[in-house]
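File shown here: coords-v9.cif, holding mmCIF, C-alpha atoms.
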data_data
loop_
_atom_site.label_atom_id
_atom_site.label_comp_id
_atom_site.auth_asym_id
_atom_site.auth_seq_id
_atom_site.Cartn_x
_atom_site.Cartn_y
_atom_site.Cartn_z
CA VAL Q 3 75.70 118.10 180.25
CA GLN Q 4 74.53 118.16 176.61
CA GLY Q 5 74.12 114.71 175.08
CA ILE Q 6 73.78 113.46 171.50
CA ALA Q 7 71.53 110.52 170.59
CA LYS Q 8 72.77 107.75 168.26
CA ASP Q 9 70.90 109.30 165.35
CA GLY Q 10 72.66 112.63 165.92
CA THR Q 11 69.72 114.38 167.62
CA PRO Q 12 70.71 116.69 170.52
CA MET Q 13 69.41 115.51 173.88
CA PRO Q 14 68.20 117.76 176.74
CA ALA Q 15 70.91 119.13 178.96
CA ARG Q 16 71.27 117.52 182.39
CA ASP Q 17 72.66 118.88 185.62
CA SER Q 18 75.91 116.98 186.15
CA SER Q 19 76.20 118.32 189.70
CA VAL Q 20 73.40 116.05 190.98
CA TRP Q 21 74.77 112.56 191.60
CA GLN Q 22 73.67 109.78 193.92
CA ASP Q 23 75.97 107.12 195.29
CA ILE Q 24 74.48 103.63 194.82
CA ASP Q 25 76.18 101.09 197.05
CA LEU Q 26 75.95 97.55 195.64
CA ARG Q 27 77.18 96.16 198.96
CA THR Q 28 73.73 96.81 200.46
CA VAL Q 29 72.32 93.88 198.51
CA ALA Q 30 75.42 91.72 198.02
CA PRO Q 31 74.91 88.07 198.94
CA THR Q 32 76.52 86.79 202.12
CA LEU Q 33 79.98 85.40 201.45
CA PRO Q 34 81.13 82.05 202.91
CA THR Q 35 83.27 81.92 206.04
CA ASN Q 36 86.97 82.71 205.44
CA THR Q 37 86.11 84.24 202.08
CA TYR Q 38 87.21 87.77 201.33
CA LEU Q 39 85.87 90.07 198.65
CA ASN Q 40 89.03 91.56 197.13
CA SER Q 41 87.23 93.61 194.52
CA GLU Q 42 83.98 93.89 192.65
CA ASP Q 43 84.20 95.80 189.40
CA ILE Q 44 81.28 96.75 187.18
CA ARG Q 45 81.61 95.12 183.77
CA SER Q 46 78.47 96.24 181.93
CA PHE Q 47 75.19 98.16 182.08
CA ALA Q 48 71.96 97.53 180.15
CA GLU Q 49 68.43 98.93 180.30
CA PHE Q 50 65.78 96.22 180.07
CA ASN Q 51 62.02 96.47 180.61
CA GLY Q 52 62.45 99.87 182.24
CA ASP Q 53 65.06 98.69 184.76
CA LEU Q 54 68.82 99.18 184.80
CA TYR Q 55 70.82 95.94 184.99
CA ILE Q 56 74.35 96.02 186.38
CA ALA Q 57 76.79 93.14 185.87
CA THR Q 58 79.83 92.83 188.11
CA ARG Q 59 82.78 90.51 188.59
CA ALA Q 60 83.96 89.81 192.10
CA SER Q 61 87.42 88.48 192.88
CA ILE Q 62 87.06 85.97 195.70
CA SER Q 63 89.99 84.78 197.81
CA THR Q 64 89.58 81.83 200.16
CA ILE Q 65 92.05 80.78 202.88
CA ASP Q 66 91.80 77.29 204.31
CA ARG Q 67 93.11 77.78 207.84
CA THR Q 68 92.90 74.08 208.68
CA LYS Q 69 95.96 73.42 206.52
CA ASN Q 70 99.57 73.99 207.48
CA PRO Q 71 100.64 76.11 205.72
CA TYR Q 72 97.36 77.80 204.87
CA VAL Q 73 95.96 76.98 201.43
CA TYR Q 74 94.95 79.96 199.32
CA THR Q 75 92.52 79.73 196.40
CA TYR Q 76 91.23 82.41 194.05
CA SER Q 77 88.17 82.58 191.80
CA ASN Q 78 85.89 85.02 190.04
CA GLN Q 79 82.21 85.30 190.86
CA THR Q 80 79.71 86.96 188.57
CA ARG Q 81 76.87 88.96 190.05
CA MET Q 82 74.00 90.94 188.58
CA TYR Q 83 71.86 93.65 190.12
CA LYS Q 84 68.69 95.46 189.05
CA LEU Q 85 67.90 99.11 189.74
CA ASN Q 86 64.25 100.06 189.16
CA LYS Q 87 62.62 103.43 188.53
CA GLN Q 88 62.13 103.95 192.28
CA SER Q 89 65.91 103.55 192.80
CA ILE Q 90 65.35 100.24 194.61
CA LEU Q 91 68.33 97.95 194.13
CA SER Q 92 67.88 94.18 194.04
CA TYR Q 93 70.16 91.18 193.52
CA ILE Q 94 69.62 88.65 190.68
CA SER Q 95 70.32 85.35 192.42
CA ASN Q 96 69.99 82.79 189.61
CA MET Q 97 72.64 83.85 187.10
CA PRO Q 98 73.94 81.24 184.64
CA ASN Q 99 77.30 79.75 185.59
CA PRO Q 100 79.08 78.55 182.43
CA THR Q 101 82.27 76.52 182.66
CA SER Q 102 85.49 78.54 182.98
CA ALA Q 103 83.54 81.81 183.12
CA TYR Q 104 85.63 84.84 184.01
CA GLY Q 105 82.62 87.12 184.26
CA VAL Q 106 79.95 88.96 182.29
CA CYS Q 107 81.65 91.06 179.66
CA SER Q 108 78.71 92.72 177.88
CA MET Q 109 74.91 93.04 177.90
CA ALA Q 110 72.27 94.43 175.55
CA GLU Q 111 68.51 94.49 175.07
CA PHE Q 112 67.26 93.18 171.74
CA GLY Q 113 63.92 91.84 170.52
CA GLY Q 114 62.35 91.66 173.97
CA TYR Q 115 65.32 89.81 175.51
CA LEU Q 116 68.25 90.81 177.67
CA TYR Q 117 71.42 89.28 176.19
CA VAL Q 118 74.32 88.54 178.52
CA ALA Q 119 77.78 87.48 177.28
CA TYR Q 120 80.34 85.67 179.42
CA ASN Q 121 84.05 85.68 178.69
CA THR Q 122 86.34 82.87 179.76
CA THR Q 123 90.02 82.12 180.27
CA SER Q 124 90.26 78.82 178.43
CA SER Q 125 87.09 77.98 176.49
CA PRO Q 126 84.82 79.67 173.91
CA ALA Q 127 82.61 82.50 175.14
CA SER Q 128 78.97 81.86 176.05
CA LEU Q 129 75.91 83.97 175.25
CA TYR Q 130 72.63 83.77 177.19
CA ARG Q 131 69.33 85.61 176.97
CA THR Q 132 66.33 86.08 179.24
CA LYS Q 133 62.90 87.71 179.21
CA ASP Q 134 62.56 88.06 182.98
CA ALA Q 135 66.03 87.61 184.59
CA ILE Q 136 64.68 84.36 186.04
CA THR Q 137 64.72 81.85 183.19
CA TRP Q 138 67.85 81.87 181.04
CA GLU Q 139 68.28 80.45 177.54
CA LEU Q 140 71.71 79.45 176.23
CA VAL Q 141 72.15 81.04 172.81
CA SER Q 142 75.75 80.05 172.09
CA GLN Q 143 78.49 78.25 173.99
CA ASN Q 144 80.99 77.99 171.13
CA GLY Q 145 82.16 81.58 170.81
CA LEU Q 146 79.52 82.31 168.12
CA GLY Q 147 81.00 79.50 166.05
CA ARG Q 148 84.73 80.06 166.57
CA SER Q 149 86.68 78.31 169.32
CA TYR Q 150 89.28 81.10 169.56
CA ASN Q 151 86.60 83.62 170.58
CA LEU Q 152 87.14 83.52 174.33
CA SER Q 153 85.28 86.77 174.91
CA ILE Q 154 82.26 88.58 173.47
CA ASP Q 155 83.52 92.06 174.24
CA ASP Q 156 80.53 94.15 173.24
CA LEU Q 157 76.87 93.82 172.25
CA GLU Q 158 74.88 96.56 170.51
CA SER Q 159 71.46 96.59 168.87
CA TYR Q 160 71.02 98.83 165.84
CA MET Q 161 68.56 99.05 162.94
CA GLY Q 162 66.89 95.73 163.70
CA ARG Q 163 70.04 93.69 164.22
CA LEU Q 164 72.18 92.68 167.18
CA TYR Q 165 75.93 93.17 166.75
CA ALA Q 166 78.65 91.40 168.72
CA THR Q 167 82.40 91.85 168.81
CA THR Q 168 84.82 89.19 170.00
CA SER Q 169 88.32 88.86 171.36
CA SER Q 170 90.08 86.01 169.62
CA TRP Q 171 93.26 84.43 170.89
CA SER Q 172 94.84 81.14 171.91
CA THR Q 173 97.97 80.02 173.73
CA ASN Q 174 101.10 79.17 171.80
CA SER Q 175 102.38 76.24 173.86
CA ASN Q 176 105.80 76.27 172.22
CA LEU Q 177 106.51 79.88 173.12
CA SER Q 178 104.22 80.14 176.16
CA LEU Q 179 102.72 83.24 174.56
CA GLU Q 180 99.22 84.24 173.58
CA ALA Q 181 98.69 84.03 169.82
CA TYR Q 182 96.22 86.62 168.56
CA HIS Q 183 93.86 85.69 165.74
CA GLY Q 184 92.17 89.06 165.31
CA GLY Q 185 88.85 90.18 166.76
CA ILE Q 186 85.70 89.69 164.70
CA VAL Q 187 82.38 91.53 164.27
CA TYR Q 188 79.19 89.46 164.03
CA SER Q 189 75.60 90.35 163.18
CA SER Q 190 72.29 88.63 163.93
CA PRO Q 191 68.67 89.34 162.92
CA ASP Q 192 67.23 87.28 165.79
CA GLY Q 193 69.96 86.77 168.42
CA ILE Q 194 70.21 83.08 167.47
CA THR Q 195 71.73 82.96 163.97
CA TRP Q 196 75.04 84.82 163.71
CA THR Q 197 76.95 85.89 160.61
CA GLN Q 198 80.55 87.05 160.54
CA VAL Q 199 80.57 90.53 158.96
CA SER Q 200 84.26 91.37 159.22
CA THR Q 201 87.60 89.76 158.56
CA GLN Q 202 89.80 88.80 161.50
CA GLY Q 203 91.24 91.96 162.99
CA ILE Q 204 89.89 93.90 159.95
CA THR Q 205 93.04 95.95 159.35
CA ASP Q 206 95.51 94.04 161.56
CA LEU Q 207 95.46 90.57 163.11
CA GLY Q 208 96.88 92.22 166.21
CA ASN Q 209 93.48 93.88 166.73
CA PHE Q 210 92.31 91.19 169.11
CA SER Q 211 89.50 93.16 170.77
CA PHE Q 212 86.81 95.61 169.65
CA GLN Q 213 84.31 97.93 171.32
CA ILE Q 214 81.43 98.84 169.00
CA GLU Q 215 79.22 101.92 168.67
CA PRO Q 216 76.70 102.30 165.80
CA TYR Q 217 76.12 105.88 164.67
CA LYS Q 218 74.29 107.39 161.67
CA GLY Q 219 74.36 104.24 159.55
CA TYR Q 220 77.95 103.35 160.34
CA ILE Q 221 79.67 101.14 162.89
CA TYR Q 222 82.61 102.56 164.79
CA LEU Q 223 85.09 100.20 166.40
CA ASN Q 224 87.66 100.96 169.07
CA THR Q 225 90.45 98.41 168.90
CA ALA Q 226 93.02 97.03 171.30
CA ASN Q 227 96.21 95.57 169.82
CA GLY Q 228 99.06 96.05 172.26
CA THR Q 229 100.68 98.87 170.29
CA GLY Q 230 98.05 101.58 170.77
CA ILE Q 231 94.42 102.32 170.05
CA ASN Q 232 92.72 102.76 166.72
CA ILE Q 233 89.20 103.67 165.53
CA ILE Q 234 87.76 101.84 162.53
CA LYS Q 235 84.63 102.93 160.65
CA GLY Q 236 82.47 100.44 158.74
CA THR Q 237 79.06 100.25 157.13
CA VAL Q 238 76.06 98.54 158.76
CA GLN Q 239 75.41 94.97 157.54
#
Could you express the structure from this file as structure tokens?
Amino acid sequence: VQGIAKDGTPMPARDSSVWQDIDLRTVAPTLPTNTYLNSEDIRSFAEFNGDLYIATRASISTIDRTKNPYVYTYSNQTRMYKLNKQSILSYISNMPNPTSAYGVCSMAEFGGYLYVAYNTTSSPASLYRTKDAITWELVSQNGLGRSYNLSIDDLESYMGRLYATTSSWSTNSNLSLEAYHGGIVYSSPDGITWTQVSTQGITDLGNFSFQIEPYKGYIYLNTANGTGINIIKGTVQ
């Protein structure tokens, strides 16, 4: 498989026929009694200090069999794993647990820190960072300054800055519908101070979510808006 680096340089070909199955269940924490792991999907990857970090979201169902009828509850549980150069998989046990968190949505290495973004279902997104995956620092709990930003969809470092894209929506109580406010692109020189570098939705307020990929001095955005997909090209700021 021939790859291309972000600066356009061809990368050495790799043999795509050699693959190794890595089973996260080998290091998954023990689940409580009467708790069932419905699914665990991988949300994000990031390389940090030579290790590969893997963030997942597990859907946990609990049945209280002491009740008649049985009481069923459902929640999401965020997990993170580390895969080192020797292919040894370990579990990160002390993840942050922000209020209303739906799971880790994106991760990126920047300035000696691993940044981890949580999305939520009802409150602004949270952004944390760590130097060792042990001690965590809360960078933002207000959606990077906007209450409608319930998710930080993507994080990318490029040319000395950290970029973040957000999903921005709220609930229209009168119509019982989600009201989209347009996704936004942010930029930071230090991971702490964030500046909005795009208008809401850029070309359409219906563009409520962005995935970002810097390439050759430009930023490419893949949008989601309910009517199809679109790619937007912008300059680095």
Legend entry - Close residues, Ser159 of chain Q itself excluded, 9 Å, all atoms listed in the file, min 5 positions apart in chain, as a PyMOL selection string: chain Q and resi 110-112+164-166+216
Emit the selected residues as a JSON list (two decimals), in the frame of the given file, including C-alpha atoms.
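Below is the file that was written, part25.json:
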[["chain", "number", "residue", "atom", "x", "y", "z"],
["Q", 110, "ALA", "CA", 72.27, 94.43, 175.55],
["Q", 111, "GLU", "CA", 68.51, 94.49, 175.07],
["Q", 112, "PHE", "CA", 67.26, 93.18, 171.74],
["Q", 164, "LEU", "CA", 72.18, 92.68, 167.18],
["Q", 165, "TYR", "CA", 75.93, 93.17, 166.75],
["Q", 166, "ALA", "CA", 78.65, 91.40, 168.72],
["Q", 216, "PRO", "CA", 76.70, 102.30, 165.80]]
Legend entry - Residue with smallest distance to Cys107 of chain Q - pool Q:Ser95, Q:Thr237, Q:Gln213, Q:Asn232, counting only C-alpha atoms: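 Among the listed residues, Q:Gln213 lies closest to Cys107 of chain Q.
Coordinates place atom CA of Ser189 of chain Q at a distance of 13.7 Å from atom CA of Tyr117 of chain Q.
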Hey, could you pull the box centre and edge lengths for segment 201-213 of chain Q, axis-aligned, 3 Å padding per side, all listed atoms, to one decimal in Å, as AutoDock Vina command-line options?
--center_x 90.6 --center_y 93.4 --center_z 164.9 --size_x 18.6 --size_y 15.1 --size_z 18.8
Inset, instruction - For the file shown, report as a ChimeraX atom specification the outcome of the PyMOL selection byres ((chain Q and resi 170) around 8) at residue level. - result: /Q:150-153,168-169,171-172,182-186,210-211
Export C-alpha atoms of the chosen residues as a PDB file, in the coordinates of the input?
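As written to disk, out24.pdb reads:
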ATOM      1  CA  TYR Q 150      89.280  81.100 169.560  1.00  0.00           C
ATOM      2  CA  ASN Q 151      86.600  83.620 170.580  1.00  0.00           C
ATOM      3  CA  LEU Q 152      87.140  83.520 174.330  1.00  0.00           C
ATOM      4  CA  SER Q 153      85.280  86.770 174.910  1.00  0.00           C
ATOM      5  CA  THR Q 168      84.820  89.190 170.000  1.00  0.00           C
ATOM      6  CA  SER Q 169      88.320  88.860 171.360  1.00  0.00           C
ATOM      7  CA  TRP Q 171      93.260  84.430 170.890  1.00  0.00           C
ATOM      8  CA  SER Q 172      94.840  81.140 171.910  1.00  0.00           C
ATOM      9  CA  TYR Q 182      96.220  86.620 168.560  1.00  0.00           C
ATOM     10  CA  HIS Q 183      93.860  85.690 165.740  1.00  0.00           C
ATOM     11  CA  GLY Q 184      92.170  89.060 165.310  1.00  0.00           C
ATOM     12  CA  GLY Q 185      88.850  90.180 166.760  1.00  0.00           C
ATOM     13  CA  ILE Q 186      85.700  89.690 164.700  1.00  0.00           C
ATOM     14  CA  PHE Q 210      92.310  91.190 169.110  1.00  0.00           C
ATOM     15  CA  SER Q 211      89.500  93.160 170.770  1.00  0.00           C
TER      16      SER Q 211
END
Go ahead and find all residues with at least one atom no further than 8 Å from (73.6, 94.7, 176.7) in the file's coordinates, using all atoms listed in the file; report them as a compact mmCIF listing (two decimals) with C-alpha atoms, in the coordinates of the input.
# COMPACT_ATOMS: atom_id res chain seq x y z
CA SER Q 46 78.47 96.24 181.93
CA PHE Q 47 75.19 98.16 182.08
CA ALA Q 48 71.96 97.53 180.15
CA GLU Q 49 68.43 98.93 180.30
CA SER Q 108 78.71 92.72 177.88
CA MET Q 109 74.91 93.04 177.90
CA ALA Q 110 72.27 94.43 175.55
CA GLU Q 111 68.51 94.49 175.07
CA LEU Q 116 68.25 90.81 177.67
CA TYR Q 117 71.42 89.28 176.19
CA VAL Q 118 74.32 88.54 178.52
CA ASP Q 156 80.53 94.15 173.24
CA LEU Q 157 76.87 93.82 172.25
CA GLU Q 158 74.88 96.56 170.51
Inset, instruction - Could you list the residues chosen by the PyMOL selection byres ((chain Q and resi 132-142) around 10) in this structure as number ranges by chain? - result: Q: 50-51, 55, 82, 84, 94-98, 100, 111, 113-119, 126-131, 143-147, 193-196
Legend entry - One-decimal distance in Å that lies between atom CA of Gly52 of chain Q and atom CA of Ile24 of chain Q: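 So the two atoms, atom CA of Ile24 of chain Q and atom CA of Gly52 of chain Q, lie 17.8 Å apart.
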Inset, instruction - Go ahead and compute the interatomic distance for atom CA of Tyr222 of chain Q and atom CA of Tyr188 of chain Q, in Å to one decimal. - result: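 Spanning atom CA of Tyr222 of chain Q to atom CA of Tyr188 of chain Q is a straight-line distance of 13.6 Å.
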Legend entry - Residues matched by the PyMOL selection byres ((chain Q and resi 57) around 6), written as a ChimeraX atom specification: /Q:44-46,56,58,81-82
Inset, instruction - Identify which of the residues Q:Val238, Q:Val29, Q:Leu207, Q:Ile233 lies closest to Tyr220 of chain Q, counting only C-alpha atoms when measuring atom-to-atom distances. - result: Q:Val238
